[in-house]
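Here's the structure we're looking at; comments come further down.
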Amino acid sequence: MTDEEMTEKRLAELAGRAFEGSYYTYTPFLGLAELNILETAKKTCKEMAVINVYLNGGADGCERVIAAFGDEEAFGYPPEFPIRCLKIEPLMQKFADKLTHRDFLGSIMNIGVEREVLGDIVVKDNVGYVFCLEGMAEYIIDNIIRIKHTSVACSVSEYVPEVRADAALINIQVSSARIDACVAKVYRISRADAVSLIKGRRVYVNGVLCESGSYAMKTEDIVSVRGRGRFEFLGIEKCNRKGNLTLNILKM
């Protein structure tokens with residue numbers, strides 16, 4: 001059985017338990033590949049046909065999310081996602097290293113925490129805000145005391161950061177709104193390199209794997225390119241006499 005088949009089986013089992021037991025079941029945090037499997041399973045698995053799926057990553061715009069299986073109308077209450085937001089900040093900001101997403105993620109995983117326990121990590125003013133499973137929050141708080149050469153304090157955060165706070169509005173000029181052209185322009189790579197990313201299964205649209213460079217972008221599509229980031233297609237600003245398009249893009 002492949003990894004994809006095992007993931008689909010696990011999702012189907014959770015959906016089945018929710019339906020049979022009339023209670024919510026929850027996945028760990030799902031990345032793009034798992035979300036793509038979930039979208040496919042919703043169309044093919046009989047367990048998915050009889051239950052609703054709710055997604056939440058802890059804040060609007062999170063890429064990594066937890067899926068809850070259930071039925072709010074039948075159960076009488078909404079899903080209560082087991083997510084905590086942790087704040088990791090240097091004890092002495094003045095003397096702290098410049099900390100990145102990779103630094104926070106690496107330090108947490110180095111204490112034995114699996115990736116599926118962690119959601120998005122937002123870095124703001126050298127402070128990391130980490131979404132994690134509720135059951136692992138205390139362990140992370142107790143064991144994260146240093147990142148790189150910087151002593152840090154970790155606590156549950158009352159403040160939940162905006163995931164898209166640092167997003168930038170840009171314009172790109174393309175001959176058409178094909179996804180390969182948009183990816184090439186947004187990340188300043190060649191069209192051939194953009195096609196390679198798509199063929200390499202690294203490009204997702206709204207959480208679903210994109211398998212064709214000819215996909216025509218639609219307004220509010222969110223494109224995730226593994227290893228490079230995300231952007232949202234906001235629409236066409238104008239079309240010149242030669243038919244070339246100026247597109248509005250929100251780069252995250």
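Going by the structure tokens order, chains are called A, B, ..., each with residues numbered from 1, while ligands are numbered from 1 in the order shown.
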> Any idea what's packed within 7 Å of Thr27 of chain A, counting only C-alpha atoms, ignoring anything in its chain fewer than 4 positions away? Could you give it as a list of chain:residue names?
Replying inline: A:Ile66, A:Ala67, A:Ala68
Selection above as a file: N, CA and C atoms, as a short mmCIF file (atom, residue, chain, number, x, y, z; two decimals), in the first residue's frame:
```cif
data_model
loop_
_atom_site.label_atom_id
_atom_site.label_comp_id
_atom_site.auth_asym_id
_atom_site.auth_seq_id
_atom_site.Cartn_x
_atom_site.Cartn_y
_atom_site.Cartn_z
N ILE A 66 -6.15 21.50 9.95
CA ILE A 66 -6.74 20.27 10.49
C ILE A 66 -8.10 20.08 9.83
N ALA A 67 -8.42 18.84 9.49
CA ALA A 67 -9.74 18.51 8.96
C ALA A 67 -10.57 17.89 10.08
N ALA A 68 -11.79 18.39 10.23
CA ALA A 68 -12.75 17.82 11.19
C ALA A 68 -13.88 17.18 10.40
#
```
>> Would you pick out the contacts of segment 172-185 of chain A at 7 Å or less, using only C-alpha atoms, so that residues sharing its chain but fewer than 4 positions from it are not included, and give the list as a ChimeraX atom specification?
In response: /A:189-191,194-195,213-217,243-248
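Taking atom CA of Glu47 of chain A and atom CA of Leu11 of chain A as endpoints, the distance between them is 9.0 Å.
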>> With DSSP run on the backbone, what are the strand (DSSP E) residues within segment 79-177 of chain A? I'd like them as number ranges by chain.
In response: A: 83-90, 118-124, 127-133, 146-147, 150-156, 168-174
How would the residues just chosen look if you wrote them out with N, CA and C atoms as an mmCIF file, in the first residue's frame?
```cif
data_model
loop_
_atom_site.group_PDB
_atom_site.id
_atom_site.type_symbol
_atom_site.label_atom_id
_atom_site.label_comp_id
_atom_site.auth_asym_id
_atom_site.auth_seq_id
_atom_site.Cartn_x
_atom_site.Cartn_y
_atom_site.Cartn_z
ATOM 1 N N ILE A 83 -6.401 23.272 18.544
ATOM 2 C CA ILE A 83 -5.257 24.064 18.083
ATOM 3 C C ILE A 83 -4.878 25.101 19.138
ATOM 4 N N ARG A 84 -3.597 25.254 19.356
ATOM 5 C CA ARG A 84 -3.076 26.324 20.204
ATOM 6 C C ARG A 84 -2.065 27.137 19.395
ATOM 7 N N CYS A 85 -2.005 28.417 19.697
ATOM 8 C CA CYS A 85 -0.992 29.284 19.098
ATOM 9 C C CYS A 85 0.048 29.585 20.174
ATOM 10 N N LEU A 86 1.287 29.215 19.895
ATOM 11 C CA LEU A 86 2.378 29.459 20.841
ATOM 12 C C LEU A 86 3.215 30.649 20.387
ATOM 13 N N LYS A 87 3.691 31.401 21.351
ATOM 14 C CA LYS A 87 4.565 32.546 21.076
ATOM 15 C C LYS A 87 5.967 32.209 21.565
ATOM 16 N N ILE A 88 6.941 32.278 20.648
ATOM 17 C CA ILE A 88 8.332 32.017 21.002
ATOM 18 C C ILE A 88 9.124 33.291 20.738
ATOM 19 N N GLU A 89 9.653 33.887 21.802
ATOM 20 C CA GLU A 89 10.337 35.167 21.662
ATOM 21 C C GLU A 89 11.671 35.169 22.394
ATOM 22 N N PRO A 90 12.667 35.878 21.856
ATOM 23 C CA PRO A 90 13.969 35.971 22.515
ATOM 24 C C PRO A 90 13.842 36.628 23.891
ATOM 25 N N LEU A 118 2.464 20.224 13.877
ATOM 26 C CA LEU A 118 2.647 21.664 13.703
ATOM 27 C C LEU A 118 1.897 22.193 12.492
ATOM 28 N N GLY A 119 1.294 23.368 12.668
ATOM 29 C CA GLY A 119 0.655 24.052 11.560
ATOM 30 C C GLY A 119 1.574 25.110 11.002
ATOM 31 N N ASP A 120 1.015 26.228 10.616
ATOM 32 C CA ASP A 120 1.813 27.323 10.077
ATOM 33 C C ASP A 120 2.652 27.967 11.172
ATOM 34 N N ILE A 121 3.763 28.560 10.767
ATOM 35 C CA ILE A 121 4.618 29.341 11.667
ATOM 36 C C ILE A 121 4.727 30.737 11.078
ATOM 37 N N VAL A 122 4.330 31.727 11.862
ATOM 38 C CA VAL A 122 4.372 33.118 11.415
ATOM 39 C C VAL A 122 5.469 33.839 12.190
ATOM 40 N N VAL A 123 6.412 34.452 11.485
ATOM 41 C CA VAL A 123 7.502 35.189 12.138
ATOM 42 C C VAL A 123 7.247 36.678 11.974
ATOM 43 N N LYS A 124 7.178 37.378 13.097
ATOM 44 C CA LYS A 124 6.901 38.810 13.098
ATOM 45 C C LYS A 124 7.789 39.495 14.120
ATOM 46 N N VAL A 127 9.831 37.326 16.384
ATOM 47 C CA VAL A 127 9.058 36.471 17.290
ATOM 48 C C VAL A 127 8.308 35.449 16.444
ATOM 49 N N GLY A 128 8.344 34.185 16.872
ATOM 50 C CA GLY A 128 7.653 33.139 16.142
ATOM 51 C C GLY A 128 6.316 32.799 16.773
ATOM 52 N N TYR A 129 5.280 32.751 15.961
ATOM 53 C CA TYR A 129 3.957 32.315 16.406
ATOM 54 C C TYR A 129 3.690 30.974 15.740
ATOM 55 N N VAL A 130 3.553 29.941 16.548
ATOM 56 C CA VAL A 130 3.484 28.571 16.055
ATOM 57 C C VAL A 130 2.120 27.969 16.369
ATOM 58 N N PHE A 131 1.415 27.530 15.343
ATOM 59 C CA PHE A 131 0.162 26.810 15.557
ATOM 60 C C PHE A 131 0.497 25.330 15.735
ATOM 61 N N CYS A 132 -0.051 24.729 16.786
ATOM 62 C CA CYS A 132 0.258 23.329 17.069
ATOM 63 C C CYS A 132 -0.965 22.621 17.642
ATOM 64 N N LEU A 133 -0.888 21.297 17.695
ATOM 65 C CA LEU A 133 -1.956 20.535 18.319
ATOM 66 C C LEU A 133 -1.976 20.828 19.819
ATOM 67 N N ARG A 146 15.962 27.414 23.546
ATOM 68 C CA ARG A 146 16.998 28.075 22.752
ATOM 69 C C ARG A 146 16.767 27.809 21.265
ATOM 70 N N ILE A 147 16.940 28.848 20.457
ATOM 71 C CA ILE A 147 16.903 28.704 19.006
ATOM 72 C C ILE A 147 18.177 29.344 18.462
ATOM 73 N N THR A 150 20.238 31.803 20.596
ATOM 74 C CA THR A 150 19.375 32.745 21.297
ATOM 75 C C THR A 150 18.494 32.041 22.319
ATOM 76 N N SER A 151 18.554 32.486 23.561
ATOM 77 C CA SER A 151 17.649 31.964 24.598
ATOM 78 C C SER A 151 16.265 32.544 24.375
ATOM 79 N N VAL A 152 15.252 31.686 24.469
ATOM 80 C CA VAL A 152 13.889 32.118 24.176
ATOM 81 C C VAL A 152 12.933 31.693 25.269
ATOM 82 N N ALA A 153 11.785 32.369 25.289
ATOM 83 C CA ALA A 153 10.673 31.992 26.169
ATOM 84 C C ALA A 153 9.518 31.558 25.284
ATOM 85 N N CYS A 154 8.833 30.505 25.699
ATOM 86 C CA CYS A 154 7.719 29.976 24.915
ATOM 87 C C CYS A 154 6.473 29.931 25.793
ATOM 88 N N SER A 155 5.361 30.410 25.265
ATOM 89 C CA SER A 155 4.120 30.454 26.033
ATOM 90 C C SER A 155 2.932 30.399 25.085
ATOM 91 N N VAL A 156 1.757 30.127 25.641
ATOM 92 C CA VAL A 156 0.535 30.191 24.845
ATOM 93 C C VAL A 156 0.248 31.658 24.540
ATOM 94 N N ALA A 168 2.215 41.041 -0.247
ATOM 95 C CA ALA A 168 2.477 42.223 -1.076
ATOM 96 C C ALA A 168 1.647 42.159 -2.358
ATOM 97 N N LEU A 169 1.018 43.274 -2.688
ATOM 98 C CA LEU A 169 0.249 43.354 -3.925
ATOM 99 C C LEU A 169 1.184 43.699 -5.070
ATOM 100 N N ILE A 170 1.205 42.862 -6.106
ATOM 101 C CA ILE A 170 2.074 43.098 -7.255
ATOM 102 C C ILE A 170 1.268 42.962 -8.548
ATOM 103 N N ASN A 171 1.823 43.478 -9.622
ATOM 104 C CA ASN A 171 1.239 43.304 -10.950
ATOM 105 C C ASN A 171 2.210 42.507 -11.805
ATOM 106 N N ILE A 172 1.675 41.628 -12.621
ATOM 107 C CA ILE A 172 2.507 40.899 -13.576
ATOM 108 C C ILE A 172 1.891 41.035 -14.968
ATOM 109 N N GLN A 173 2.726 41.007 -15.979
ATOM 110 C CA GLN A 173 2.250 41.074 -17.363
ATOM 111 C C GLN A 173 2.467 39.715 -18.028
ATOM 112 N N VAL A 174 1.393 39.145 -18.541
ATOM 113 C CA VAL A 174 1.451 37.830 -19.177
ATOM 114 C C VAL A 174 0.628 37.849 -20.463
#
```
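Between atom CA of Asp97 of chain A and atom CA of Tyr159 of chain A the interatomic distance comes to 23.0 Å.
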> Interatomic distance between atom CA of Tyr23 of chain A and atom CA of Val53 of chain A?
Replying inline: 12.6 Å
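If you measure from each of A:Cys62, A:Ile236, A:Ala33, A:Leu99 to Arg202 of chain A using only C-alpha atoms, the closest one turns out to be A:Ala33.
Each of A:Glu5, A:Glu72, A:Glu158, A:Glu39 was checked against Phe19 of chain A using only C-alpha atoms; the smallest atom-to-atom distance is that of A:Glu72.
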>> Among segment 7-250 of chain A, which ones does DSSP assign to alpha helix (DSSP H) (computed from the backbone)? Answer as a ChimeraX atom specification.
In response: /A:7-21,32-44,72-75,101-109,137-143,179-186,191-199
Neighbours of Gly112 of chain A within 12 Å (only C-alpha atoms; same-chain residues fewer than 6 positions away dropped), as a PDB file with N, CA and C atoms, in the first residue's frame?
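Done, and the output landed in result_14.pdb:
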```pdb
ATOM      1  N   LEU A 105      11.081  26.118  13.061  1.00  0.00           N
ATOM      2  CA  LEU A 105      10.644  24.763  12.726  1.00  0.00           C
ATOM      3  C   LEU A 105      11.707  23.743  13.084  1.00  0.00           C
ATOM      4  N   GLY A 106      12.948  24.013  12.719  1.00  0.00           N
ATOM      5  CA  GLY A 106      14.020  23.066  13.000  1.00  0.00           C
ATOM      6  C   GLY A 106      14.206  22.820  14.484  1.00  0.00           C
ATOM      7  N   LEU A 118       2.464  20.224  13.877  1.00  0.00           N
ATOM      8  CA  LEU A 118       2.647  21.664  13.703  1.00  0.00           C
ATOM      9  C   LEU A 118       1.897  22.193  12.492  1.00  0.00           C
ATOM     10  N   MET A 136       0.136  18.884  22.369  1.00  0.00           N
ATOM     11  CA  MET A 136       1.589  19.002  22.362  1.00  0.00           C
ATOM     12  C   MET A 136       2.075  20.359  22.834  1.00  0.00           C
ATOM     13  N   TYR A 139       4.331  20.340  26.051  1.00  0.00           N
ATOM     14  CA  TYR A 139       5.647  19.736  25.808  1.00  0.00           C
ATOM     15  C   TYR A 139       6.566  20.721  25.093  1.00  0.00           C
ATOM     16  N   ILE A 140       6.036  21.397  24.083  1.00  0.00           N
ATOM     17  CA  ILE A 140       6.852  22.361  23.342  1.00  0.00           C
ATOM     18  C   ILE A 140       7.267  23.515  24.254  1.00  0.00           C
ATOM     19  N   ASN A 143      10.120  22.516  26.535  1.00  0.00           N
ATOM     20  CA  ASN A 143      11.383  22.057  25.960  1.00  0.00           C
ATOM     21  C   ASN A 143      12.053  23.020  24.989  1.00  0.00           C
ATOM     22  N   ILE A 144      11.357  24.044  24.540  1.00  0.00           N
ATOM     23  CA  ILE A 144      11.991  25.028  23.659  1.00  0.00           C
ATOM     24  C   ILE A 144      12.564  26.147  24.526  1.00  0.00           C
TER      25      ILE A 144
END
```
Identify, on the basis of only C-alpha atoms, every residue whose closest approach to Glu8 of chain A does not exceed 7 Å; exclude the query and any residue fewer than 6 positions from it along the same chain; express the result as an mmCIF file with N, CA and C atoms, in the first residue's frame.
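Writing the result to result_11.cif gives the following:
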```cif
data_model
loop_
_atom_site.group_PDB
_atom_site.id
_atom_site.type_symbol
_atom_site.label_atom_id
_atom_site.label_comp_id
_atom_site.auth_asym_id
_atom_site.auth_seq_id
_atom_site.Cartn_x
_atom_site.Cartn_y
_atom_site.Cartn_z
ATOM 1 N N ILE A 37 -5.065 14.708 -1.354
ATOM 2 C CA ILE A 37 -5.648 13.376 -1.177
ATOM 3 C C ILE A 37 -7.055 13.490 -0.590
ATOM 4 N N LEU A 38 -7.229 14.422 0.358
ATOM 5 C CA LEU A 38 -8.546 14.628 0.960
ATOM 6 C C LEU A 38 -9.553 15.073 -0.093
ATOM 7 N N ALA A 41 -10.454 12.123 -2.137
ATOM 8 C CA ALA A 41 -11.243 11.164 -1.370
ATOM 9 C C ALA A 41 -12.690 11.621 -1.188
#
```
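Counting only C-alpha atoms, the residue from A:Gly200, A:Gly76, A:Pro161, A:Gly70 that sits nearest to Thr25 of chain A is A:Gly70.
Closest approach to Thr219 of chain A among A:Ile249, A:Ala49, A:Phe75, A:Ala192 is made by A:Ile249 (distances from only C-alpha atoms).
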>> List as a count of residues only the protein and nucleic acid residues near Val50 of chain A, meaning an atom at most 12 Å away when only C-alpha atoms are counted, but skip any in the same chain fewer than 6 places from it.
In response: 15
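Each of A:Lys251, A:His149, A:Arg188, A:Lys242 was compared to Ser224 of chain A using only C-alpha atoms, and A:Lys251 turns out to be the nearest.
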